[in-house]
Amino acid sequence: MNRNKEIYQVTLVGGVANVVLLIFKFVAGIMGHSAAMVADAVHSLSDFVTDVIVIIFVRISSMPKDKSHDYGHGKYETLAMTIIGIALLFVAIGIVYSGTMNIIAWINGQQLEAPGTLALWAAVLSIVIKEAVYRYSMAKARQLKSQAVEANAWHHRSDALSSIGTAVGIGGAIFLGQRWTVLDPIASVLVGLFIIKVALYLLRDGIEDLMEHSLPEAIETEILQLAASVPGVDEPHDLRTRRIGNHYAIELHILMDGNIPLKDAHDKATEIETLLRAHYGPETHIAVHVEPK
């Protein structure tokens, strides 16, 4: 199975889980009178929307190079991750706002309705299913080296962890009595704050890649060491790196004996390219500029 089909398969598994859960959560939240569960349902809805985004953008990112995209379409996968982060952030802000309004209403003397046990069972089911989907998706993301799938996996994990807070809040509101019904909106606010943290993490990585942020220093050091390991090559320098979707782009200068034939210099540059592609993947974009010493 090729990479794109595997990404679609992973996303489809998550999408089916999200559809089942969001329907169950909305029903449980409304019938169980739980603001925290309705917030959790909205989170699952955002998960489903991001599944659709991943399918669309990964398909675009897999398109080959063309006249207007000399470096391919890999950035579309990074764009998908950024959009997922933005979607998460807006969902989280809405959840925090709604929960805060309920807490303020409780402080002002308004009596909040205690959630039902159906909402609690929905939270427990969500924890189990979403954690399982997270582990499956993250394993596939690492195998396929896909930013979009990894972002979506974290989206699943955030849903699982948010459901833990939801379960605690709902359970406390049910079992501790009417005085503690405020635990339900408190749980929804904590869920929202956690989602904001995940969203900002995804946005940071996505924006850095879209803005041509260099690869981590450890990887750049490794690149220079690999280039310097080729016999006859001295002082690799002027290294420039960036990500193009799930691939690397590497440009560097090297010093070589100015008296050797041009063909030998070309062969050495090709040897460096082959070495780097063997290490970082066949789709790695590499440009080696040879300078005489």
# chains A, B, ... in the order shown; residues from 1 in each chain; ligands from 1
$ residues_around --residues "region 276-284 of chain A" --least-positions-apart "2" --cutoff "9 Å" --atoms "only C-alpha atoms" --output "CSV table (one decimal) with N, CA and C atoms, in the first residue's frame"
chain,number,residue,atom,x,y,z
A,223,ILE,N,24.2,16.8,9.2
A,223,ILE,CA,24.4,17.0,7.8
A,223,ILE,C,25.8,17.4,7.4
A,226,LEU,N,28.2,14.4,7.8
A,226,LEU,CA,28.0,13.5,6.8
A,226,LEU,C,28.8,14.0,5.5
A,227,ALA,N,28.6,15.2,5.2
A,227,ALA,CA,29.3,15.8,4.0
A,227,ALA,C,30.8,15.7,4.2
A,244,ILE,N,10.0,20.8,3.5
A,244,ILE,CA,9.0,20.9,2.4
A,244,ILE,C,8.1,19.8,2.7
A,247,HIS,N,9.5,16.3,3.8
A,247,HIS,CA,10.8,16.1,3.3
A,247,HIS,C,11.7,17.3,3.7
A,248,TYR,N,13.0,17.0,3.6
A,248,TYR,CA,14.0,18.1,3.9
A,248,TYR,C,14.5,18.7,2.6
A,249,ALA,N,14.9,20.0,2.7
A,249,ALA,CA,15.6,20.7,1.6
A,249,ALA,C,17.0,21.1,2.2
A,250,ILE,N,18.1,20.7,1.5
A,250,ILE,CA,19.4,21.0,2.0
A,250,ILE,C,20.2,21.6,0.9
A,271,GLU,N,28.2,12.1,-4.8
A,271,GLU,CA,28.4,11.2,-3.7
A,271,GLU,C,27.8,11.8,-2.4
A,272,ILE,N,28.0,13.1,-2.2
A,272,ILE,CA,27.4,13.7,-1.0
A,272,ILE,C,25.9,13.6,-1.1
A,273,GLU,N,25.3,13.9,-2.3
A,273,GLU,CA,23.9,13.9,-2.5
A,273,GLU,C,23.3,12.5,-2.2
A,274,THR,N,24.0,11.5,-2.7
A,274,THR,CA,23.6,10.1,-2.5
A,274,THR,C,23.6,9.7,-1.0
A,286,ILE,N,18.5,18.4,-2.5
A,286,ILE,CA,19.9,18.7,-2.1
A,286,ILE,C,20.5,19.5,-3.3
$ select_by_dssp --residues "region 233-282 of chain A" --states "strand (DSSP E or B)" --output "PDB file with N, CA and C atoms, in the first residue's frame"
ATOM      1  N   ASP A 234      36.306  19.139   1.938  1.00  0.00           N
ATOM      2  CA  ASP A 234      36.748  19.908   3.106  1.00  0.00           C
ATOM      3  C   ASP A 234      35.738  21.010   3.442  1.00  0.00           C
ATOM      4  N   GLU A 235      35.652  21.298   4.689  1.00  0.00           N
ATOM      5  CA  GLU A 235      34.932  22.455   5.228  1.00  0.00           C
ATOM      6  C   GLU A 235      33.546  22.688   4.612  1.00  0.00           C
ATOM      7  N   PRO A 236      32.627  21.778   4.783  1.00  0.00           N
ATOM      8  CA  PRO A 236      31.252  22.079   4.365  1.00  0.00           C
ATOM      9  C   PRO A 236      30.765  23.330   5.113  1.00  0.00           C
ATOM     10  N   HIS A 237      30.149  24.278   4.403  1.00  0.00           N
ATOM     11  CA  HIS A 237      29.748  25.540   5.022  1.00  0.00           C
ATOM     12  C   HIS A 237      28.547  26.132   4.288  1.00  0.00           C
ATOM     13  N   ASP A 238      28.140  27.329   4.749  1.00  0.00           N
ATOM     14  CA  ASP A 238      26.970  28.010   4.164  1.00  0.00           C
ATOM     15  C   ASP A 238      25.783  27.053   4.032  1.00  0.00           C
ATOM     16  N   LEU A 239      25.521  26.296   5.091  1.00  0.00           N
ATOM     17  CA  LEU A 239      24.423  25.326   5.074  1.00  0.00           C
ATOM     18  C   LEU A 239      23.078  26.047   5.215  1.00  0.00           C
ATOM     19  N   ARG A 240      22.154  25.688   4.350  1.00  0.00           N
ATOM     20  CA  ARG A 240      20.777  26.199   4.434  1.00  0.00           C
ATOM     21  C   ARG A 240      19.828  25.006   4.417  1.00  0.00           C
ATOM     22  N   THR A 241      18.890  24.990   5.362  1.00  0.00           N
ATOM     23  CA  THR A 241      17.953  23.867   5.439  1.00  0.00           C
ATOM     24  C   THR A 241      16.534  24.372   5.698  1.00  0.00           C
ATOM     25  N   ARG A 242      15.582  23.533   5.352  1.00  0.00           N
ATOM     26  CA  ARG A 242      14.175  23.801   5.636  1.00  0.00           C
ATOM     27  C   ARG A 242      13.391  22.527   5.378  1.00  0.00           C
ATOM     28  N   ARG A 243      12.133  22.558   5.762  1.00  0.00           N
ATOM     29  CA  ARG A 243      11.248  21.427   5.494  1.00  0.00           C
ATOM     30  C   ARG A 243      10.337  21.771   4.322  1.00  0.00           C
ATOM     31  N   ILE A 244      10.049  20.768   3.493  1.00  0.00           N
ATOM     32  CA  ILE A 244       9.034  20.888   2.444  1.00  0.00           C
ATOM     33  C   ILE A 244       8.053  19.756   2.694  1.00  0.00           C
ATOM     34  N   HIS A 247       9.455  16.271   3.792  1.00  0.00           N
ATOM     35  CA  HIS A 247      10.801  16.093   3.257  1.00  0.00           C
ATOM     36  C   HIS A 247      11.703  17.253   3.682  1.00  0.00           C
ATOM     37  N   TYR A 248      13.022  17.033   3.579  1.00  0.00           N
ATOM     38  CA  TYR A 248      13.996  18.076   3.888  1.00  0.00           C
ATOM     39  C   TYR A 248      14.510  18.703   2.598  1.00  0.00           C
ATOM     40  N   ALA A 249      14.895  19.975   2.685  1.00  0.00           N
ATOM     41  CA  ALA A 249      15.626  20.659   1.608  1.00  0.00           C
ATOM     42  C   ALA A 249      16.967  21.092   2.189  1.00  0.00           C
ATOM     43  N   ILE A 250      18.054  20.710   1.510  1.00  0.00           N
ATOM     44  CA  ILE A 250      19.402  20.960   2.022  1.00  0.00           C
ATOM     45  C   ILE A 250      20.248  21.600   0.924  1.00  0.00           C
ATOM     46  N   GLU A 251      20.876  22.715   1.259  1.00  0.00           N
ATOM     47  CA  GLU A 251      21.810  23.369   0.345  1.00  0.00           C
ATOM     48  C   GLU A 251      23.086  23.677   1.115  1.00  0.00           C
ATOM     49  N   LEU A 252      24.241  23.371   0.533  1.00  0.00           N
ATOM     50  CA  LEU A 252      25.502  23.639   1.220  1.00  0.00           C
ATOM     51  C   LEU A 252      26.643  23.831   0.229  1.00  0.00           C
ATOM     52  N   HIS A 253      27.716  24.445   0.699  1.00  0.00           N
ATOM     53  CA  HIS A 253      28.929  24.653  -0.084  1.00  0.00           C
ATOM     54  C   HIS A 253      30.035  23.749   0.489  1.00  0.00           C
ATOM     55  N   ILE A 254      30.926  23.300  -0.409  1.00  0.00           N
ATOM     56  CA  ILE A 254      32.072  22.497   0.033  1.00  0.00           C
ATOM     57  C   ILE A 254      33.339  23.006  -0.654  1.00  0.00           C
ATOM     58  N   LEU A 255      34.485  22.755  -0.014  1.00  0.00           N
ATOM     59  CA  LEU A 255      35.784  23.088  -0.610  1.00  0.00           C
ATOM     60  C   LEU A 255      36.434  21.824  -1.143  1.00  0.00           C
ATOM     61  N   MET A 256      37.030  21.928  -2.361  1.00  0.00           N
ATOM     62  CA  MET A 256      37.754  20.801  -2.940  1.00  0.00           C
ATOM     63  C   MET A 256      38.993  21.332  -3.658  1.00  0.00           C
TER      64      MET A 256
END
$ closest_residue --among "A:Phe194, A:Lys25, A:Thr82, A:Lys5" --to "Arg59 (chain A)" --atoms "only C-alpha atoms"
A:Lys5
$ closest_atom_pairs --of "region 65-181 of chain A" --to "region 45-52 of chain A" --cutoff "8 Å" --atoms "only C-alpha atoms" --output "tab-separated table"
residue	atom	partner	partner_atom	distance
A:Ile84	CA	A:Thr50	CA	5.8
A:Ala87	CA	A:Ser46	CA	6.9
A:Leu88	CA	A:Ser46	CA	6.9
A:Val91	CA	A:Ser46	CA	7.3
A:Asn152	CA	A:Thr50	CA	7.1
A:His155	CA	A:Asp47	CA	6.5
A:His156	CA	A:Asp47	CA	7.2
$ residues_around --residues "Leu190 (chain A)" --least-positions-apart "3" --cutoff "9 Å" --atoms "only C-alpha atoms" --output "PyMOL selection string"
chain A and resi 96+99+162+165-166+185-187+193-195
$ closest_residue --among "A:Ile207, A:Ala139, A:Ala122, A:Met81" --to "Val10 (chain A)" --atoms "only C-alpha atoms"
A:Ala139
